[in-house]
Amino acid sequence: MLKILKTRFKQGCRTILFPKAKAPDLPQRYRGRPIIAGQNGSIDLGKIFFNPDSDIVYSNDYSMATSKREDLVLSQEREMALARALNERMLKIFGRSLKLRQVSAGGCNACELDLNVLNTPVFDLSRFGIQFVASPRHADGIVVTGPVSRNMREALLKTYEAIPEPKLVIALGGCAISGGIFSDSPQASHGLDTIIPVDLFIPGCPPHPLTTLDGLLRLLGRISS
Amino acid sequence: MALLLISLSILIISSLLILLFCRSKEISACVFLWSLVAACGFGLWSALSVLCQKAMSLPLTGVDFRVHGTIPLGEFYIGIDALSAFFLLLFFILSLAAGIYGYGYLRDYTGQRNTGVHFALYHLLIIVITLVLVAKNAVLFLVAWEIMTFVSYFLITFYNESESVRKAGYLYLISTHVGVFCLLVMFLIMGAQAGSMNFDQMTATQFPLALAALLFMLAFVGFGIKAGFIPFHIWLPHAHPAAPTHISALLSGVVVKLGIYGLMRVMAIVKDFPLWCGVLLLIMAAISGVGGVLYALGQHEIKKLLAYHSIENIGIITLGLGIGMIGHAYHQETVAFIGYAGALLHTFNHAVFKGLLFLSAGSVIHCTHTGDMDHMGGLFKLLPWTGHLFLIGSLSICGLPLFNGFISEWLVYRALLEGVFHLDVFGIIFSSLAIVALALVGGLAALCFTKAFGVIFLGSNKSSEGHQGKEGRLSNIDIKEGDLMLRGPMILLAAICLWGGLFPANMVYFAFQGTQAITGLQIPFVLKEAVINPLLSATRVLSFGGVIFSVLALVRDFLVLHYPVRLTETWSCGYVKLSHRMQYTASSFARPILKIFRSALVFRVEGKISKEYFPAWTSLKSSVKDVSESLLFRPLFYVIKKFSRKLKWIQSGHTQTYILYVFLFLVILLVWKLI
Amino acid sequence: MELFNGGQISLSNIPVLTQQGFRARILDRCHEDARLVNLFGHLGTSGQVRLSAILGLDEEAGLEILSTFISSEAAQYESLTKDLLQAHLFEREIAEQWAIQPLGHPWLKPLRYHCNYRSATDIWKNIANKTIPGEYPFYAVGGEEVHEVGVGPVHAGIIEPGHFRFQCHGEEILHLEIQLGYQHKGIEPLMQGQDLKRSVLLSESIAGDTAIGHSTAFCEVVESLSGCIISPKAQAIRAIALELERLANHIGDLGALGMDAGFLPTSAYFGRMRGDYLNLLLALTGNRFGKGLCRPGGVLFDIDANMAGEFCLKLKKYKEEFQDVSDLLFSRPSVLARFEGVGVITPEDAQKIGLVGLAGRASQLECDVRINYSSGMWQFHHVPISLGATGDVYARALVRRQEILRSLEFLLKVLPSLPAGEIFTPAGPMKPDTLAVSLVEGWRGEIMHVGISDAQGGFARYKIKDPSFHNWFGLAYAMRGQEISDFPLCNKSFNLSYSGHDL
């Protein structure tokens with residue numbers, strides 16, 4: 001018992017203050033939102049792989065989540081339109097308590113792992129009233145990761161069906177948004193929004209936990225640009 | 001008394017009529033139904049009049065009816081005292097319910113047997129049981145007792161085309177006859193001591209303690225076999241499932257209880273027993289209670305499960321009797337009174353809820369054509385009435401508040417607690433051990449009925465893989481709720497369960513009346529203050545809680561009335577093809593507990609876990625072996641069989657030899673006379 | 001024919017045996033000291049399917065490769081599985097990918113539910129049109145008393161999809177069958193294009209938690225085929241990243257094990273500490289899982305003296321923290337009571353099943369690619385092998401703890417003395433019609449990539465084997481006779497990859 005308390009004392013409080021304070025600085029090599037200036041043509045955040053050996057120049061900015069698929073396409077002419085808060089009625093229902101079910105539909109498991117990270121003391125997702133639950137029956141929405149493989153399609157639809165109305169759908173990671181690196185495969189689909197309506201797109205391969213948290217909080221109106 | 005005689009005459013006349021018209025199924029059934037209602041009505045009226053009218057000050061009274069010299073060595077002498085009246089009350093309620101149910105149950109029976117004969121036998125059973133309950137002469141009692149055994153044997157073996165039914169019938173007949181032998185000896189001793197075979201004279205006689213102990217042992221074995229104490233219970237789990245449902249209900253509700261009645265009657269006659277008799281009863285009660293419920297947990301067949309629960313409840317009743325006897329031996333009247341009253345009330349309650357459970361189990365079997373719980377499942381939606389009624393029965397048998405089982409178990413607990421407070425060290429030890437046993441029984445019973453109710457009514461049906469619809473729902477439409485003739489009796493019994501739980505005052509008062517008849521003492525004045533009032537206020541608080549809960553539920557229902565209800569399939573982790581095997585089975589549910597008690601039970605699982613990397617097809621079966629049946633009686637019977645084979649030469653089959661025996665016997669008699 | 005880790009061999013030099021000879025050779029060698037490391041099919045020049053087997057000789061650091069042809073008309077051969085359990089999943093995979101019937105296979109069921117690669121008639125009719133899981137013929141224990149528990153594909157936690165079917169009586173598991181395939185994305189065919197730039201990204205997404213392990217294996221195959229020798233510095237950085245990946249995952253697993261044993265403090269601390277290592281990877285590669293680091297020819301990110309010093313400082317602190325928390329976990333009697341004796345795999349079973357990696361080491365198998373088939377950095381820095389004795393959850397937890405400490409030691413030794421030099425040497429074109437293999441000890445165990453180049457400079461066949469492919473059967477087997485409540489704990493102690501299995 002004393003040992004547990006001693007270790008607890010040594011560990012201290014590690015939860016970041018975000019969003020009240022600025023999030024901790026990400027390393028300089030981190031590949032966040034691409035810098036569009038100097039690029040010709042457009043960049044689709046849902047289709048790029050955030051790999052270093054491409055022509056894209058990345059910034060350090062982690063906020064990338066959007067409410068609409070077309071907002072992910074960056075071009076010289078358009079400002080980045082980050083995710084907007086839900087409408088008033090939805091906010092009244094979900095604003096203070098949002099229960100999510102995650103469906104892993106054919107990805108590589110990186111998105112799942114970094115989603116799990118949100119439950120660690122560092123991010124402590126439950127302080128925002130957001131929680132991942134075991135059954136879609138208890139959930140207000142689903143977070144889908146992976147390119148929706150052919151074999152997972154039915155299970156995904158069943159899970160979606162099992163969630164009571166009204167429900168939210170969040171596409172997490174490049175694979176869920178567009179099929180990502182697997183989009184050439186006949187086993188993968190070309191984006192979750194071609195299967196079910198999506199309310200929040202969080203790009204990345206995988207999205208940094210801050211990107212996901214930022215997206216969720218913007219959706220709930222806790223961060224406004 | 002006159003009412004009871006009317007009732008008896010109705011039964012006699014109508015049974016003759018039924019036999020007369022037994023070729024016509026409709027007429028005989030019709031006569032049966034109406035005469036049953038009338039007879040039971042009069043019977044109930046007579047029992048209630050005795051229980052209500054007689055003030056607390058007049059023990060052992062009742063109006064007698066005697067016809068001298070009608071039976072050799074005895075007389076036709078009957079009378080109703082409060083004890084008889086109490087048992088008559090439960091008996092007529094149950095035989096009315098079971099009879100109506102039987103009428104509905106056998107209406108669409110298309111087999112070979114003549115239902116008319118069955119109905120006539122049913123009436124005959126009512127007559128003889130009534131006689132057993134009101135007999136005031138030992139010979140009359142024994143004669144009625146014997147006829148009852150035979151009649152119930154014929155009723156049990158209704159489906160006698162099946163081998164197992166015939167075997168169960170024989171087992172019942174033989175084991176109860178062993179009991180009758182003990183009873184015969186007991187009554188002869190009593191009669192010799194009192195100089196009369198009438199109960200009145202016997203009651204007036206003072207028995208020496210040693211003789212009382214002997215009488216107690218004889219009564220314990222003789223009535224214990226009927227009541228189904230472990231280890232004399234072996235006939236019970238075989239007979240109950242073999243009999244038609246309404247007969248099972250009557251067997252478990254009444255015939256078994258006659259063992260208890262007999263014990264109580266002996267206590268009323270002999271009164272003073274040595275202390276160890278009470279202790280022995282308490283120990284056997286604890287063994288029966290815990291053993292019964294553990295065996296019940298291991299059963300796969302619903303009626304067998306209920307049969308073992310009868311043993312468990314007999315254990316609870318006997319706990320009350322035992323603490324009553326101990327209290328009596330210590331001259332602690334309150335302890336004795338509450339104990340006996342608890343036992344009596346639980347006898348009544350058990351008859352009601354076990355009757356209800358048997359009848360609803362019968363409905364389930366009627367619909368599903370199987371008794372194996374692991375073939376059922378998902379019946380709550382198909383049989384809503386039966387499901388709810390079975391639930392009421394289950395809650396009652398578990399002794400939960402708002403239902404009648406709670407009241408009587410509370411009285412038994414109360415008696416044991418009084419024992420802890422008022423007895424010496426020896427008594428305290430046994431009372432507290434009995435409390436532990438009772439608590440264990442209660443917990444295990446709740447577990448067992450969670451299993452039974454859950455496996456039978458919840459989930460999805462396990463027997464209909466072929467009929468299964470796309471979403472795993474049952475699509476066979478032949479499972480239908482029974483009509484009013486089947487449902488009505490169950491509703492009646494369920495209503496009594498609730499009435500007994502919500503408004504216990506009357507039944508507790510009746511039980512105290514009966515107790516007066518057993519002890520021959522006045523009801524101690526403190527009882528009302530110390531026992532009945534707290535009980536009543538407790539039930540009031542609990543019922544109030546129940547009312548609040550129901551109101552809240554109704555408010556909730558009202559509030560969500562306008563929201564659309566979305567029906568989707570059960571969440572199955574996104575898996576596409578559900579199987580009916582993906583739900584807990586009765587056997588699986590019970591296994592963890594049985595594993596804990598495996599040293600006390602013979603719990604066997606056939607089918608080992610394969611350590612092959614790619615195992616071939618195996619199957620698994622588990623069973624609980626009845627220890628007393630397989631380790632006590634089977635070897636005993638084996639020895640008897642071997643021994644009797646050695647004596648076989650006596651019965652040679654030659655007429656000449658038999659004539660020789662007769663001749664030899666005459667010679668012996670002559671010689672004896674000459675000497 | 002002898003081969004070594006990172007070696008290559010011209011297709012024409014691979015010995016071709018008769019079917020009987022092939023079978024006999026594999027059985028003989030595997031009943032002595034060899035181990036079936038890989039068995040796969042690829043199209044021969046004449047349109048026949050060529051089965052190739054790679055046997056591992058752990059003692060000699062050598063690999064033996066042999067092959068046989070299966071005629072496309074008969075499309076069958078005598079199954080190895082009935083005599084060699086290690087071949088079990090490989091043969092099911094071959095049956096599905098190439099529509100070749102292994103005769104007498106005792107457990108021939110679909111694996112990933114896709115059409116075969118040679119447009120023949122599938123062994124399982126219409127397999128690609130079926131809704132995958134409903135059609136799986138699960139093993140069932142007979143009797144009405146047995147109940148089944150079906151879990152998945154959508155689980156309670158945030159984990160990958162798979163269906164677990166338990167045959168239970170009471171709480172006891174009589175049999176567990178694991179049916180995967182939900183994550184199947186067809187990575188192997190996707191790898192077989194000409195665009196290596198795209199292929200390396202795919203290799204990083206074979207299993208997200210093993211991005212470094214798989215991309216290193218991929219790069220080594222390409223480097224081997226193109227004759228590119230990467231600089232010692234690049235080798236060192238790959239090794240550092242691989243150990244960081246191991247550290248992050250092992251620590252996360254210890255946290256999860258604590259959680260499933262019902263001891264929450266350590267699970268919270270370990271959960272956070274896992275993030276520390278991921279953040280080191282982020283600082284090094286710009287991605288928390290190390291995606292974007294390894295490329296054929298070297299690595300894309302350098303570690304300068306500053307960064308090395310900073311890493312060392314942090315790692316020293318992390319090591320202290322780890323020791324603190326792991327002492328807490330391993331000194332709790334309640335935790336140990338849950339760990340010990342649960343999910344035991346005896347060394348004999350482990351050897352027969354062919355467990356690899358930490359699950360194998362927990363059952364006393366001395367299998368560690370870093371030691372048995374050392375290449376690159378591991379030739380200069382030896383990491384002692386960490387063995388468990390009991391083969392249960394406790395052993396698997398203990399092996400993790402030991403490996404964490406040894407990885408930290410390794411990092412603290414390598415980081416201050418990083419070799420100098422370039423980090424990237426561009427790889428040239430690949431030799432045509434050649435087969436190259438590479439073995440990497442990922443954090444789960446032995447990763448093997450086999451690449452067969454075509455004449456156009458791409459891959460004609462690319463075969464990926466994640467350690468999970470060997471170990472899933474071990475998990476299912478370990479659960480026999482256990483309580484069903486032990487499953488989450490046991491599952492966590494293996495922590496296998498669904499994606500790496502399903503590809």
# chains A, B, ... in the order shown; residues from 1 in each chain; ligands from 1

call {"tool": "residues_around", "arguments": {"residues": "range 170-180 of chain A", "least_positions_apart": "6", "cutoff": "7 Å", "atoms": "only C-alpha atoms", "output": "count of residues only"}}
result
26

call {"tool": "interface_residues", "arguments": {"of": "chain A", "to": "chain C", "cutoff": "8 Å", "atoms": "only C-alpha atoms", "output": "PyMOL selection string"}}
result
chain A and resi 3-4+7-8+11+27-31+51-53+102-113+115-117+120-122+132-135+149-152+154-155+159+181-182+184-188+208

call {"tool": "interface_residues", "arguments": {"of": "chain C", "to": "chain B", "cutoff": "8 Å", "atoms": "only C-alpha atoms", "output": "ChimeraX atom specification"}}
result
/C:106-107,131,133-134,140-155,163,168-171,174-175,477,480-481

call {"tool": "atom_distance", "arguments": {"atom1": "CA of Leu57 in chain C", "atom2": "CA of Tyr77 in chain C"}}
result
25.1 Å

call {"tool": "residues_around", "arguments": {"residues": "range 315-318 of chain C", "least_positions_apart": "2", "cutoff": "8 Å", "atoms": "only C-alpha atoms", "output": "ChimeraX atom specification"}}
result
/C:273,311-313,320-322,408,412

call {"tool": "residues_around", "arguments": {"residues": "range 31-43 of chain B", "least_positions_apart": "2", "cutoff": "8 Å", "atoms": "only C-alpha atoms", "output": "VMD selection string"}}
result
chain B and resid 3 to 4 6 to 8 10 to 11 14 to 15 17 to 18 27 to 29 45 to 47 88 to 89 92 to 93 95 to 96 99 to 100 103 119 to 120 123

call {"tool": "select_by_dssp", "arguments": {"residues": "range 72-222 of chain A", "states": "strand (DSSP E)", "output": "PyMOL selection string"}}
result
chain A and resi 73-74+98-104+130-132+141-145+168-172+200-202

call {"tool": "decode", "arguments": {"residues": "range 10-34 of chain A", "atoms": "N, CA, C and O atoms", "output": "PDB file, in the first residue's frame"}}
result
ATOM      1  N   LYS A  10       5.621   9.839  -6.716  1.00  0.00           N
ATOM      2  CA  LYS A  10       6.750  10.058  -7.611  1.00  0.00           C
ATOM      3  C   LYS A  10       6.294  10.366  -9.032  1.00  0.00           C
ATOM      4  O   LYS A  10       6.919  11.133  -9.751  1.00  0.00           O
ATOM      5  N   GLN A  11       5.164   9.691  -9.432  1.00  0.00           N
ATOM      6  CA  GLN A  11       4.675   9.884 -10.800  1.00  0.00           C
ATOM      7  C   GLN A  11       4.138  11.291 -11.003  1.00  0.00           C
ATOM      8  O   GLN A  11       4.302  11.868 -12.072  1.00  0.00           O
ATOM      9  N   GLY A  12       3.513  11.847  -9.994  1.00  0.00           N
ATOM     10  CA  GLY A  12       2.978  13.194 -10.099  1.00  0.00           C
ATOM     11  C   GLY A  12       1.854  13.300 -11.098  1.00  0.00           C
ATOM     12  O   GLY A  12       1.333  12.297 -11.578  1.00  0.00           O
ATOM     13  N   CYS A  13       1.485  14.550 -11.409  1.00  0.00           N
ATOM     14  CA  CYS A  13       0.401  14.764 -12.367  1.00  0.00           C
ATOM     15  C   CYS A  13       0.991  15.008 -13.740  1.00  0.00           C
ATOM     16  O   CYS A  13       1.834  15.876 -13.910  1.00  0.00           O
ATOM     17  N   ARG A  14       0.555  14.242 -14.721  1.00  0.00           N
ATOM     18  CA  ARG A  14       1.163  14.344 -16.054  1.00  0.00           C
ATOM     19  C   ARG A  14       0.172  14.801 -17.107  1.00  0.00           C
ATOM     20  O   ARG A  14       0.488  14.792 -18.284  1.00  0.00           O
ATOM     21  N   THR A  15      -1.004  15.171 -16.689  1.00  0.00           N
ATOM     22  CA  THR A  15      -2.016  15.529 -17.679  1.00  0.00           C
ATOM     23  C   THR A  15      -1.724  16.904 -18.277  1.00  0.00           C
ATOM     24  O   THR A  15      -1.435  17.845 -17.546  1.00  0.00           O
ATOM     25  N   ILE A  16      -1.795  16.967 -19.597  1.00  0.00           N
ATOM     26  CA  ILE A  16      -1.525  18.254 -20.245  1.00  0.00           C
ATOM     27  C   ILE A  16      -2.707  19.193 -20.036  1.00  0.00           C
ATOM     28  O   ILE A  16      -3.839  18.745 -19.830  1.00  0.00           O
ATOM     29  N   LEU A  17      -2.431  20.485 -20.055  1.00  0.00           N
ATOM     30  CA  LEU A  17      -3.496  21.451 -19.760  1.00  0.00           C
ATOM     31  C   LEU A  17      -4.370  21.758 -20.970  1.00  0.00           C
ATOM     32  O   LEU A  17      -5.408  22.384 -20.835  1.00  0.00           O
ATOM     33  N   PHE A  18      -3.925  21.301 -22.141  1.00  0.00           N
ATOM     34  CA  PHE A  18      -4.687  21.538 -23.359  1.00  0.00           C
ATOM     35  C   PHE A  18      -6.152  21.145 -23.144  1.00  0.00           C
ATOM     36  O   PHE A  18      -6.408  20.128 -22.519  1.00  0.00           O
ATOM     37  N   PRO A  19      -7.170  21.864 -23.564  1.00  0.00           N
ATOM     38  CA  PRO A  19      -7.080  23.034 -24.436  1.00  0.00           C
ATOM     39  C   PRO A  19      -7.002  24.364 -23.693  1.00  0.00           C
ATOM     40  O   PRO A  19      -6.986  25.409 -24.347  1.00  0.00           O
ATOM     41  N   LYS A  20      -6.981  24.335 -22.343  1.00  0.00           N
ATOM     42  CA  LYS A  20      -6.942  25.622 -21.619  1.00  0.00           C
ATOM     43  C   LYS A  20      -5.638  26.348 -21.910  1.00  0.00           C
ATOM     44  O   LYS A  20      -5.597  27.552 -22.074  1.00  0.00           O
ATOM     45  N   ALA A  21      -4.548  25.573 -21.933  1.00  0.00           N
ATOM     46  CA  ALA A  21      -3.262  26.172 -22.275  1.00  0.00           C
ATOM     47  C   ALA A  21      -2.830  25.594 -23.627  1.00  0.00           C
ATOM     48  O   ALA A  21      -3.456  24.686 -24.152  1.00  0.00           O
ATOM     49  N   LYS A  22      -1.767  26.161 -24.146  1.00  0.00           N
ATOM     50  CA  LYS A  22      -1.265  25.675 -25.428  1.00  0.00           C
ATOM     51  C   LYS A  22      -0.761  24.247 -25.255  1.00  0.00           C
ATOM     52  O   LYS A  22      -0.231  23.881 -24.208  1.00  0.00           O
ATOM     53  N   ALA A  23      -0.942  23.454 -26.272  1.00  0.00           N
ATOM     54  CA  ALA A  23      -0.446  22.084 -26.199  1.00  0.00           C
ATOM     55  C   ALA A  23       1.068  22.098 -26.217  1.00  0.00           C
ATOM     56  O   ALA A  23       1.677  23.040 -26.743  1.00  0.00           O
ATOM     57  N   PRO A  24       1.715  21.084 -25.613  1.00  0.00           N
ATOM     58  CA  PRO A  24       3.181  21.042 -25.621  1.00  0.00           C
ATOM     59  C   PRO A  24       3.706  21.054 -27.059  1.00  0.00           C
ATOM     60  O   PRO A  24       3.067  20.524 -27.971  1.00  0.00           O
ATOM     61  N   ASP A  25       4.868  21.647 -27.228  1.00  0.00           N
ATOM     62  CA  ASP A  25       5.436  21.766 -28.572  1.00  0.00           C
ATOM     63  C   ASP A  25       5.770  20.397 -29.128  1.00  0.00           C
ATOM     64  O   ASP A  25       6.304  19.537 -28.437  1.00  0.00           O
ATOM     65  N   LEU A  26       5.438  20.222 -30.395  1.00  0.00           N
ATOM     66  CA  LEU A  26       5.781  18.959 -31.045  1.00  0.00           C
ATOM     67  C   LEU A  26       7.162  19.112 -31.660  1.00  0.00           C
ATOM     68  O   LEU A  26       7.579  20.219 -32.026  1.00  0.00           O
ATOM     69  N   PRO A  27       7.910  17.998 -31.775  1.00  0.00           N
ATOM     70  CA  PRO A  27       9.267  18.090 -32.313  1.00  0.00           C
ATOM     71  C   PRO A  27       9.274  18.691 -33.707  1.00  0.00           C
ATOM     72  O   PRO A  27       8.272  18.625 -34.438  1.00  0.00           O
ATOM     73  N   GLN A  28      10.412  19.212 -34.051  1.00  0.00           N
ATOM     74  CA  GLN A  28      10.540  19.931 -35.308  1.00  0.00           C
ATOM     75  C   GLN A  28      10.324  19.004 -36.507  1.00  0.00           C
ATOM     76  O   GLN A  28       9.842  19.396 -37.549  1.00  0.00           O
ATOM     77  N   ARG A  29      10.662  17.706 -36.342  1.00  0.00           N
ATOM     78  CA  ARG A  29      10.514  16.781 -37.466  1.00  0.00           C
ATOM     79  C   ARG A  29       9.075  16.327 -37.668  1.00  0.00           C
ATOM     80  O   ARG A  29       8.767  15.652 -38.643  1.00  0.00           O
ATOM     81  N   TYR A  30       8.196  16.614 -36.690  1.00  0.00           N
ATOM     82  CA  TYR A  30       6.807  16.183 -36.799  1.00  0.00           C
ATOM     83  C   TYR A  30       6.182  16.715 -38.086  1.00  0.00           C
ATOM     84  O   TYR A  30       6.354  17.889 -38.422  1.00  0.00           O
ATOM     85  N   ARG A  31       5.471  15.857 -38.795  1.00  0.00           N
ATOM     86  CA  ARG A  31       4.869  16.249 -40.062  1.00  0.00           C
ATOM     87  C   ARG A  31       3.380  16.488 -39.864  1.00  0.00           C
ATOM     88  O   ARG A  31       2.592  15.561 -39.844  1.00  0.00           O
ATOM     89  N   GLY A  32       3.047  17.773 -39.670  1.00  0.00           N
ATOM     90  CA  GLY A  32       1.655  18.140 -39.461  1.00  0.00           C
ATOM     91  C   GLY A  32       1.006  18.646 -40.727  1.00  0.00           C
ATOM     92  O   GLY A  32       1.317  18.173 -41.824  1.00  0.00           O
ATOM     93  N   ARG A  33       0.170  19.673 -40.591  1.00  0.00           N
ATOM     94  CA  ARG A  33      -0.578  20.188 -41.733  1.00  0.00           C
ATOM     95  C   ARG A  33       0.380  20.693 -42.819  1.00  0.00           C
ATOM     96  O   ARG A  33       1.287  21.474 -42.520  1.00  0.00           O
ATOM     97  N   PRO A  34       0.243  20.237 -44.049  1.00  0.00           N
ATOM     98  CA  PRO A  34       1.162  20.674 -45.111  1.00  0.00           C
ATOM     99  C   PRO A  34       1.092  22.186 -45.343  1.00  0.00           C
ATOM    100  O   PRO A  34       0.053  22.801 -45.122  1.00  0.00           O
TER     101      PRO A  34
END
